[in-house]
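Listing of data-v7.cif; format and content: mmCIF, C-alpha atoms.
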data_protein
#
loop_
_atom_site.group_PDB
_atom_site.id
_atom_site.type_symbol
_atom_site.label_atom_id
_atom_site.label_comp_id
_atom_site.auth_asym_id
_atom_site.auth_seq_id
_atom_site.Cartn_x
_atom_site.Cartn_y
_atom_site.Cartn_z
ATOM 1 C CA MET C 248 109.391 91.692 120.097
ATOM 2 C CA LYS C 249 111.431 94.248 118.184
ATOM 3 C CA ASN C 250 110.077 97.699 118.748
ATOM 4 C CA ASN C 251 111.824 99.499 115.924
ATOM 5 C CA LEU C 252 109.504 98.017 113.318
ATOM 6 C CA LEU C 253 108.385 100.383 110.617
ATOM 7 C CA PHE C 254 104.835 101.646 110.516
ATOM 8 C CA ASP C 255 103.736 104.370 108.201
ATOM 9 C CA PHE C 256 100.378 105.449 107.039
ATOM 10 C CA THR C 257 99.796 108.111 104.435
ATOM 11 C CA VAL C 258 96.768 109.288 102.556
ATOM 12 C CA ASP C 259 96.747 111.086 99.265
ATOM 13 C CA LYS C 260 93.440 112.873 99.414
ATOM 14 C CA ALA C 261 93.618 114.009 95.796
ATOM 15 C CA SER C 262 93.948 110.494 94.364
ATOM 16 C CA LYS C 263 91.912 108.948 97.225
ATOM 17 C CA MET C 264 94.710 106.496 97.877
ATOM 18 C CA VAL C 265 95.837 105.115 101.208
ATOM 19 C CA PHE C 266 99.352 103.744 101.701
ATOM 20 C CA VAL C 267 100.103 101.519 104.674
ATOM 21 C CA ASN C 268 103.553 100.060 105.302
ATOM 22 C CA ARG C 269 104.379 97.844 108.218
ATOM 23 C CA GLU C 270 107.171 95.471 109.214
ATOM 24 C CA PHE C 271 106.622 92.289 111.200
ATOM 25 C CA ASP C 272 109.038 90.295 113.280
ATOM 26 C CA ALA C 273 108.257 87.017 111.500
ATOM 27 C CA ASP C 274 109.295 85.253 108.329
ATOM 28 C CA LEU C 275 107.582 85.821 105.017
ATOM 29 C CA SER C 276 105.622 82.577 104.846
ATOM 30 C CA LEU C 277 104.059 83.130 108.266
ATOM 31 C CA VAL C 278 103.040 86.718 107.478
ATOM 32 C CA TRP C 279 101.688 85.592 104.108
ATOM 33 C CA ASP C 280 99.588 82.947 105.880
ATOM 34 C CA ALA C 281 98.320 85.542 108.358
ATOM 35 C CA PHE C 282 96.912 87.555 105.451
ATOM 36 C CA THR C 283 95.637 84.674 103.360
ATOM 37 C CA LYS C 284 94.301 82.009 105.741
ATOM 38 C CA GLN C 285 90.932 82.614 107.286
ATOM 39 C CA GLU C 286 91.675 81.033 110.649
ATOM 40 C CA ILE C 287 94.592 83.430 111.227
ATOM 41 C CA LEU C 288 92.955 86.457 109.572
ATOM 42 C CA ASP C 289 89.962 86.263 111.875
ATOM 43 C CA GLN C 290 92.254 86.509 114.890
ATOM 44 C CA TRP C 291 93.517 90.003 114.086
ATOM 45 C CA TRP C 292 91.585 91.672 111.268
ATOM 46 C CA ALA C 293 88.965 93.392 113.409
ATOM 47 C CA PRO C 294 90.109 95.978 115.972
ATOM 48 C CA LYS C 295 88.889 94.700 119.348
ATOM 49 C CA PRO C 296 86.220 94.545 120.698
ATOM 50 C CA TRP C 297 85.010 93.962 117.147
ATOM 51 C CA ARG C 298 85.435 90.446 115.784
ATOM 52 C CA SER C 299 86.141 89.297 112.278
ATOM 53 C CA VAL C 300 83.985 86.329 111.296
ATOM 54 C CA THR C 301 84.695 84.761 107.912
ATOM 55 C CA LYS C 302 81.773 82.816 106.535
ATOM 56 C CA HIS C 303 83.763 81.382 103.653
ATOM 57 C CA MET C 304 87.057 82.120 101.977
ATOM 58 C CA ASP C 305 88.411 80.789 98.725
ATOM 59 C CA PHE C 306 91.904 82.190 98.281
ATOM 60 C CA GLU C 307 92.430 81.834 94.543
ATOM 61 C CA VAL C 308 92.082 84.156 91.577
ATOM 62 C CA GLY C 309 88.346 84.710 91.049
ATOM 63 C CA GLY C 310 87.563 83.373 94.517
ATOM 64 C CA GLN C 311 86.400 85.506 97.419
ATOM 65 C CA ARG C 312 86.201 85.949 101.136
ATOM 66 C CA PHE C 313 82.820 86.776 102.629
ATOM 67 C CA TYR C 314 83.109 88.015 106.167
ATOM 68 C CA ALA C 315 81.513 90.164 108.830
ATOM 69 C CA MET C 316 82.878 92.593 111.349
ATOM 70 C CA VAL C 317 80.813 91.788 114.412
ATOM 71 C CA GLY C 318 80.450 94.477 117.037
ATOM 72 C CA PRO C 319 80.209 94.068 120.809
ATOM 73 C CA GLU C 320 76.423 94.445 120.626
ATOM 74 C CA GLY C 321 76.180 91.866 117.868
ATOM 75 C CA GLN C 322 75.942 94.362 115.005
ATOM 76 C CA GLU C 323 77.186 92.876 111.727
ATOM 77 C CA HIS C 324 78.901 94.651 108.820
ATOM 78 C CA TRP C 325 79.396 92.298 105.902
ATOM 79 C CA SER C 326 82.113 92.670 103.282
ATOM 80 C CA ILE C 327 83.400 90.819 100.256
ATOM 81 C CA GLU C 328 87.004 90.587 99.128
ATOM 82 C CA LYS C 329 87.345 89.275 95.613
ATOM 83 C CA TYR C 330 90.831 88.112 94.653
ATOM 84 C CA THR C 331 91.908 89.384 91.249
ATOM 85 C CA SER C 332 95.583 88.394 91.196
ATOM 86 C CA ILE C 333 97.838 86.194 93.345
ATOM 87 C CA SER C 334 101.628 85.738 93.210
ATOM 88 C CA PRO C 335 102.345 83.450 96.167
ATOM 89 C CA LYS C 336 104.398 85.000 98.985
ATOM 90 C CA SER C 337 104.907 88.193 97.036
ATOM 91 C CA ASN C 338 101.708 89.968 96.061
ATOM 92 C CA PHE C 339 97.963 89.709 95.878
ATOM 93 C CA LYS C 340 95.281 92.081 94.711
ATOM 94 C CA MET C 341 91.650 92.235 95.644
ATOM 95 C CA LEU C 342 88.479 94.221 95.273
ATOM 96 C CA ASN C 343 86.880 95.026 98.579
ATOM 97 C CA ALA C 344 83.210 95.950 98.804
ATOM 98 C CA PHE C 345 80.637 96.213 101.543
ATOM 99 C CA ALA C 346 77.835 93.713 101.165
ATOM 100 C CA ASP C 347 74.524 92.694 102.643
ATOM 101 C CA LYS C 348 74.094 89.490 104.620
ATOM 102 C CA ASP C 349 73.160 87.637 101.429
ATOM 103 C CA GLU C 350 76.559 88.371 99.859
ATOM 104 C CA LYS C 351 75.228 91.009 97.509
ATOM 105 C CA PRO C 352 78.009 93.609 97.050
ATOM 106 C CA GLU C 353 77.463 97.332 97.435
ATOM 107 C CA LEU C 354 79.475 98.884 94.657
ATOM 108 C CA PRO C 355 81.707 100.749 94.193
ATOM 109 C CA GLY C 356 84.355 99.335 96.476
ATOM 110 C CA SER C 357 88.080 99.789 96.772
ATOM 111 C CA ASP C 358 91.081 98.211 95.034
ATOM 112 C CA TRP C 359 93.717 96.681 97.282
ATOM 113 C CA ASP C 360 97.284 95.876 96.286
ATOM 114 C CA LEU C 361 99.318 94.031 98.928
ATOM 115 C CA ASN C 362 103.068 93.437 98.625
ATOM 116 C CA PHE C 363 105.182 91.180 100.821
ATOM 117 C CA SER C 364 108.972 91.019 101.124
ATOM 118 C CA GLU C 365 111.427 89.663 103.670
ATOM 119 C CA GLN C 366 114.794 90.973 104.764
ATOM 120 C CA ASN C 367 116.845 89.492 107.618
ATOM 121 C CA GLY C 368 113.856 87.736 109.138
ATOM 122 C CA THR C 369 111.694 90.853 109.079
ATOM 123 C CA THR C 370 108.757 90.878 106.709
ATOM 124 C CA LYS C 371 107.521 94.098 105.195
ATOM 125 C CA VAL C 372 103.942 94.460 104.049
ATOM 126 C CA SER C 373 103.000 97.365 101.786
ATOM 127 C CA ILE C 374 99.347 97.994 101.142
ATOM 128 C CA ILE C 375 97.888 100.412 98.631
ATOM 129 C CA ILE C 376 94.160 101.016 98.833
ATOM 130 C CA LYS C 377 92.479 102.927 96.074
ATOM 131 C CA ASN C 378 89.033 104.162 97.027
ATOM 132 C CA GLU C 379 86.258 105.147 94.712
ATOM 133 C CA SER C 380 85.202 107.856 97.116
ATOM 134 C CA LEU C 381 86.230 109.425 100.360
ATOM 135 C CA ALA C 382 82.738 108.800 101.668
ATOM 136 C CA ARG C 383 83.536 105.113 101.468
ATOM 137 C CA MET C 384 86.676 105.583 103.555
ATOM 138 C CA GLU C 385 84.520 107.321 106.100
ATOM 139 C CA GLN C 386 82.281 104.254 106.221
ATOM 140 C CA MET C 387 85.315 102.043 106.862
ATOM 141 C CA ILE C 388 86.207 104.174 109.851
ATOM 142 C CA GLU C 389 82.727 104.097 111.286
ATOM 143 C CA MET C 390 83.085 100.328 111.467
ATOM 144 C CA GLY C 391 86.451 100.258 113.101
ATOM 145 C CA PHE C 392 86.672 103.415 115.118
ATOM 146 C CA GLN C 393 84.683 102.269 118.084
ATOM 147 C CA GLY C 394 87.174 99.453 118.528
ATOM 148 C CA GLY C 395 90.207 101.676 118.361
ATOM 149 C CA PHE C 396 88.712 104.104 120.801
ATOM 150 C CA THR C 397 87.891 101.412 123.355
ATOM 151 C CA MET C 398 91.450 100.132 123.061
ATOM 152 C CA THR C 399 92.750 103.591 123.861
ATOM 153 C CA LEU C 400 90.481 103.825 126.887
ATOM 154 C CA ASN C 401 91.581 100.417 128.147
ATOM 155 C CA TYR C 402 95.173 101.446 127.747
ATOM 156 C CA LEU C 403 94.565 104.631 129.677
ATOM 157 C CA GLU C 404 92.814 102.707 132.421
ATOM 158 C CA ASN C 405 95.792 100.345 132.806
ATOM 159 C CA LEU C 406 98.216 103.198 132.746
ATOM 160 C CA LEU C 407 96.327 105.047 135.463
ATOM 161 C CA ALA C 408 96.199 101.882 137.560
ATOM 162 C CA THR C 409 99.976 101.487 137.248
ATOM 163 C CA LEU C 410 100.647 105.112 138.046
ATOM 164 C CA SER C 411 98.489 105.087 141.165
ATOM 165 C CA LYS C 412 100.348 102.136 142.691
ATOM 166 C CA MET O 232 71.110 115.279 100.633
ATOM 167 C CA ARG O 233 73.977 114.932 103.039
ATOM 168 C CA ARG O 234 76.718 117.514 102.730
ATOM 169 C CA ASP O 235 80.061 116.931 104.354
ATOM 170 C CA ILE O 236 83.652 117.954 103.940
ATOM 171 C CA PHE O 237 84.532 114.742 102.156
ATOM 172 C CA GLN O 238 82.008 115.411 99.492
ATOM 173 C CA ALA O 239 83.513 118.868 99.187
ATOM 174 C CA ILE O 240 87.007 117.620 98.455
ATOM 175 C CA ALA O 241 85.858 114.735 96.255
ATOM 176 C CA ASP O 242 85.764 117.000 93.194
ATOM 177 C CA PRO O 243 88.929 118.285 91.465
ATOM 178 C CA THR O 244 87.494 121.726 90.675
ATOM 179 C CA ARG O 245 86.438 122.188 94.272
ATOM 180 C CA ARG O 246 89.886 121.163 95.465
ATOM 181 C CA ALA O 247 91.375 123.768 93.124
ATOM 182 C CA ILE O 248 88.983 126.420 94.466
ATOM 183 C CA ILE O 249 90.002 125.519 98.019
ATOM 184 C CA THR O 250 93.673 125.942 97.102
ATOM 185 C CA LEU O 251 92.974 129.321 95.514
ATOM 186 C CA ILE O 252 91.001 130.823 98.378
ATOM 187 C CA ALA O 253 93.323 129.377 101.009
ATOM 188 C CA LEU O 254 95.751 132.144 100.035
ATOM 189 C CA GLN O 255 93.301 135.047 99.937
ATOM 190 C CA ALA O 256 89.592 135.829 99.960
ATOM 191 C CA MET O 257 88.267 136.080 96.412
ATOM 192 C CA THR O 258 85.114 137.090 94.553
ATOM 193 C CA PRO O 259 83.285 134.482 92.425
ATOM 194 C CA ASN O 260 84.385 136.299 89.253
ATOM 195 C CA ALA O 261 88.030 136.260 90.257
ATOM 196 C CA ILE O 262 87.756 132.555 91.070
ATOM 197 C CA ALA O 263 86.028 131.789 87.769
ATOM 198 C CA ASP O 264 88.847 133.514 85.857
ATOM 199 C CA ASN O 265 91.101 130.632 86.913
ATOM 200 C CA PHE O 266 88.957 127.949 85.299
ATOM 201 C CA ASN O 267 87.903 126.968 81.829
ATOM 202 C CA THR O 268 84.353 126.677 82.939
ATOM 203 C CA THR O 269 81.200 128.730 83.171
ATOM 204 C CA ARG O 270 80.520 131.202 85.928
ATOM 205 C CA GLN O 271 77.411 129.131 86.842
ATOM 206 C CA SER O 272 79.502 126.031 87.332
ATOM 207 C CA VAL O 273 81.871 127.871 89.683
ATOM 208 C CA SER O 274 78.856 129.241 91.570
ATOM 209 C CA LYS O 275 77.539 125.721 91.959
ATOM 210 C CA HIS O 276 80.840 124.520 93.416
ATOM 211 C CA LEU O 277 80.950 127.521 95.763
ATOM 212 C CA ARG O 278 77.423 126.734 96.903
ATOM 213 C CA ILE O 279 78.406 123.146 97.749
ATOM 214 C CA LEU O 280 81.533 124.317 99.558
ATOM 215 C CA THR O 281 79.424 126.782 101.540
ATOM 216 C CA GLU O 282 76.881 124.080 102.409
ATOM 217 C CA CYS O 283 79.758 121.927 103.645
ATOM 218 C CA GLU O 284 80.820 124.893 105.785
ATOM 219 C CA LEU O 285 84.226 124.732 104.225
ATOM 220 C CA VAL O 286 84.130 128.298 102.935
ATOM 221 C CA LYS O 287 82.621 131.456 104.350
ATOM 222 C CA GLN O 288 81.236 134.491 102.536
ATOM 223 C CA GLU O 289 81.841 138.084 103.418
ATOM 224 C CA GLN O 290 80.118 141.077 101.895
ATOM 225 C CA GLN O 291 82.456 143.960 101.088
ATOM 226 C CA GLY O 292 80.611 146.794 99.402
ATOM 227 C CA ARG O 293 78.892 145.329 96.344
ATOM 228 C CA GLU O 294 81.130 142.255 96.179
ATOM 229 C CA ILE O 295 80.964 138.942 98.006
ATOM 230 C CA TYR O 296 84.309 137.469 99.013
ATOM 231 C CA TYR O 297 84.839 133.773 99.654
ATOM 232 C CA SER O 298 87.479 132.502 102.054
ATOM 233 C CA LEU O 299 88.451 129.189 103.616
ATOM 234 C CA GLU O 300 87.315 127.864 107.005
ATOM 235 C CA ILE O 301 90.640 126.538 108.281
ATOM 236 C CA ASN O 302 89.124 124.742 111.276
ATOM 237 C CA LYS O 303 86.879 122.711 109.043
ATOM 238 C CA MET O 304 89.915 121.539 107.061
ATOM 239 C CA LYS O 305 91.474 120.328 110.294
ATOM 240 C CA GLU O 306 88.508 117.990 110.705
ATOM 241 C CA ILE O 307 89.760 116.049 107.700
ATOM 242 C CA ASP O 308 93.091 115.389 109.357
ATOM 243 C CA LYS O 309 91.420 114.398 112.594
ATOM 244 C CA TRP O 310 89.307 111.949 110.676
ATOM 245 C CA LEU O 311 92.308 110.469 108.849
ATOM 246 C CA ASN O 312 94.027 109.940 112.177
ATOM 247 C CA GLN O 313 91.185 107.689 113.226
ATOM 248 C CA PHE O 314 91.789 105.635 110.126
ATOM 249 C CA ARG O 315 95.459 105.374 110.969
ATOM 250 C CA LYS O 316 94.512 104.295 114.480
ATOM 251 C CA ILE O 317 92.500 101.356 113.137
ATOM 252 C CA TRP O 318 95.479 100.082 111.167
ATOM 253 C CA GLU O 319 97.758 100.499 114.143
ATOM 254 C CA THR O 320 95.411 98.483 116.359
ATOM 255 C CA ARG O 321 94.918 95.841 113.710
ATOM 256 C CA PHE O 322 98.658 95.378 113.195
ATOM 257 C CA ASN O 323 99.413 95.284 116.918
ATOM 258 C CA GLN O 324 96.936 92.444 117.112
ATOM 259 C CA LEU O 325 98.709 90.727 114.227
ATOM 260 C CA ASP O 326 102.052 91.069 116.064
ATOM 261 C CA GLN O 327 100.558 89.132 118.945
ATOM 262 C CA VAL O 328 99.077 86.453 116.690
ATOM 263 C CA LEU O 329 102.421 86.024 114.888
ATOM 264 C CA SER O 330 104.339 85.722 118.121
ATOM 265 C CA THR O 331 101.853 83.126 119.445
ATOM 266 C CA ILE O 332 102.156 81.036 116.273
ATOM 267 C CA LYS O 333 105.956 81.238 116.387
ATOM 268 C CA LYS O 334 105.956 79.962 119.963
ATOM 269 C CA GLN O 335 103.647 77.074 119.074
ATOM 270 C CA LYS O 336 105.971 76.026 116.253
ATOM 271 C CA LYS O 337 109.002 75.801 118.526
#
So that I can check it, write out the structure of this file as C-alpha cells.
Amino acid sequence: MKNNLLFDFTVDKASKMVFVNREFDADLSLVWDAFTKQEILDQWWAPKPWRSVTKHMDFEVGGQRFYAMVGPEGQEHWSIEKYTSISPKSNFKMLNAFADKDEKPELPGSDWDLNFSEQNGTTKVSIIIKNESLARMEQMIEMGFQGGFTMTLNYLENLLATLSK
Amino acid sequence: MRRDIFQAIADPTRRAIITLIALQAMTPNAIADNFNTTRQSVSKHLRILTECELVKQEQQGREIYYSLEINKMKEIDKWLNQFRKIWETRFNQLDQVLSTIKKQKK
C-alpha cells in the first residue's frame, strides 16, 4: 500500500462546512463501488467496533439508504441518506439525516457532495459536508468517537507489546 | 436548556463578539457600538456566551468588562480532532477493503 496518500480534513466553523479529501490506491470504478454499493459500504463505513448495517439501499436519484450504526453493546443509531443527484463515477449528492428505527427522519440533516477523480491509478475522493448546525456535528461524533478511541487503545496495546519484546 | 460552546458559536453576532473581545476586554456599551443592533440584543448574546463559559466578566469600578476564555475555545479544536479521527479510521478501513477486493480480482 502506498503511504504517501493524501488525507486532509478541514472545518470551516463559520459556514459549518466540513471538507474531507482522501486518495486511495485503487482505480476509480472500485472506489466508486465502495461508496455506492451496500455490501462494500457496510464493510468500512462504521469505525470499529461499531458496525454499519444497511437495511435497504436504492442508489438512484430520489432513492435512499436506510442504515444503522450498531455499537458493541447492540445500541443502534439509524440514519437515512437520500440521493439527490448522481453522475456515475464522478459525483453524487445526498441529504443525510438521523432517523428513528421506523425510517422517520430527524430534520434538519446535512448536505453531502462527493467528488471522485482518478489520476495514475490513484483515486481522489473529495467530500463537502454542509451541516445545519454544529450541534448536529457533535451528535455525529458521539456515534463514532467510541470506535476511534478503542482503535487508538488497541494500537497502543500492540505497540507496547512490540516494544516490550 | 442545554448551553454549550457550539451553541455559542452557532450565531454570527456571537462569533463577531468573540472576535472583538479576543483582542481586549470590553464593556457591553463598547461592544454594542460595533453592531447595528440594540443594546438589549448584545446583552442577550453576552448572557449566552457567559452561560456557555466562553466569556468571563470582570468588574472594574462601575464598569463590567467582558473577555474571552481561551481554554474554552481550545475545547472546540479538541472536539474537531475527534471528528477528524473518525474519518481517518473509516478511510483506513476502506483501504483494507479495497486491497482485499483487488486481491480477489487477480
### Task
Starting from the shown file, work through the PyMOL selection byres ((chain O) within 9 of (chain C)) and note down what comes out as number ranges by chain.
O: 235, 237-238, 240-243, 246, 310-311, 313-330, 332-333
### Atom pair CA of Val317 in chain C / CA of Lys348 in chain C: separation (Å)
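Computed distance, CA of Val317 in chain C to CA of Lys348 in chain C, equals 12.1 Å.
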#### Entry: Distance criterion (all atoms listed in the file): nearest to Gly309 in chain C out of C:Leu342, C:Pro335, C:Thr283, C:Pro296
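Smallest separation from Gly309 in chain C among the options: C:Leu342.
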### Task
Would you mind listing what lies within 7 Å of Ser337 in chain C as a list of chain:residue names, with only C-alpha atoms counted and same-chain residues fewer than 5 positions away left out?
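In the requested format, the answer is C:Asn362, C:Phe363, C:Ser364.
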### Task
Compare O:Ala239, O:Thr258, O:Thr331, O:Ser272 by their minimum atom-to-atom distance to Arg293 in chain O, counting only C-alpha atoms, and give me the closest one.
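Among the listed residues, O:Thr258 lies closest to Arg293 in chain O.
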### Task
Could you list the residues chosen by the PyMOL selection byres ((chain O and resi 261) around 12) in this structure as a PyMOL selection string?
chain O and resi 248+251-252+255-260+262-266+270+273-274+294-297
Restricting it to C-alpha atoms, dump the selection as a CSV table (one decimal), in the frame of the given file.
chain,number,residue,atom,x,y,z
O,248,ILE,CA,89.0,126.4,94.5
O,251,LEU,CA,93.0,129.3,95.5
O,252,ILE,CA,91.0,130.8,98.4
O,255,GLN,CA,93.3,135.0,99.9
O,256,ALA,CA,89.6,135.8,100.0
O,257,MET,CA,88.3,136.1,96.4
O,258,THR,CA,85.1,137.1,94.6
O,259,PRO,CA,83.3,134.5,92.4
O,260,ASN,CA,84.4,136.3,89.3
O,262,ILE,CA,87.8,132.6,91.1
O,263,ALA,CA,86.0,131.8,87.8
O,264,ASP,CA,88.8,133.5,85.9
O,265,ASN,CA,91.1,130.6,86.9
O,266,PHE,CA,89.0,127.9,85.3
O,270,ARG,CA,80.5,131.2,85.9
O,273,VAL,CA,81.9,127.9,89.7
O,274,SER,CA,78.9,129.2,91.6
O,294,GLU,CA,81.1,142.3,96.2
O,295,ILE,CA,81.0,138.9,98.0
O,296,TYR,CA,84.3,137.5,99.0
O,297,TYR,CA,84.8,133.8,99.7
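From CA of Ile249 in chain O back to CA of Thr281 in chain O, the distance works out to 11.2 Å.
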Might I get the box with edges along x, y and z of the file that holds all atoms of range 284-296 of chain C listed there, padded by 8 Å on every side, given as centre and edge lengths in Å to one decimal, as AutoDock Vina command-line options?
--center_x 90.4 --center_y 88.5 --center_z 113.2 --size_x 24.4 --size_y 30.9 --size_z 31.0
### Task
Figure out the distance between CA of Ile376 in chain C and CA of Lys329 in chain C, please, to one decimal in Å.
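Atom-to-atom, CA of Lys329 in chain C to CA of Ile376 in chain C, that is 14.0 Å.
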Residues proximal to (86.4, 77.2, 106.9) were defined as those with any atom within 8 Å of that point in the file's coordinates, counting only C-alpha atoms. Which are they, as a short mmCIF file (atom, residue, chain, number, x, y, z; two decimals) with C-alpha atoms, keeping the file's coordinate frame?
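Contents of the output file point_32.cif:
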data_model
loop_
_atom_site.label_atom_id
_atom_site.label_comp_id
_atom_site.auth_asym_id
_atom_site.auth_seq_id
_atom_site.Cartn_x
_atom_site.Cartn_y
_atom_site.Cartn_z
CA GLN C 285 90.93 82.61 107.29
CA GLU C 286 91.68 81.03 110.65
CA THR C 301 84.70 84.76 107.91
CA LYS C 302 81.77 82.82 106.54
CA HIS C 303 83.76 81.38 103.65
CA MET C 304 87.06 82.12 101.98
#
#### Entry: Evaluate the PyMOL selection byres ((chain C and resi 328) around 8) and report residues as a PyMOL selection string
chain C and resi 311-313+326-327+329-330+341-344
### Task
Name the closest residue to Thr369 in chain C among the candidates C:Ser357, C:Phe345, C:Thr331, C:Asn251; distances are taken between atoms, counting all atoms listed in the file.
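Closest candidate: C:Asn251.
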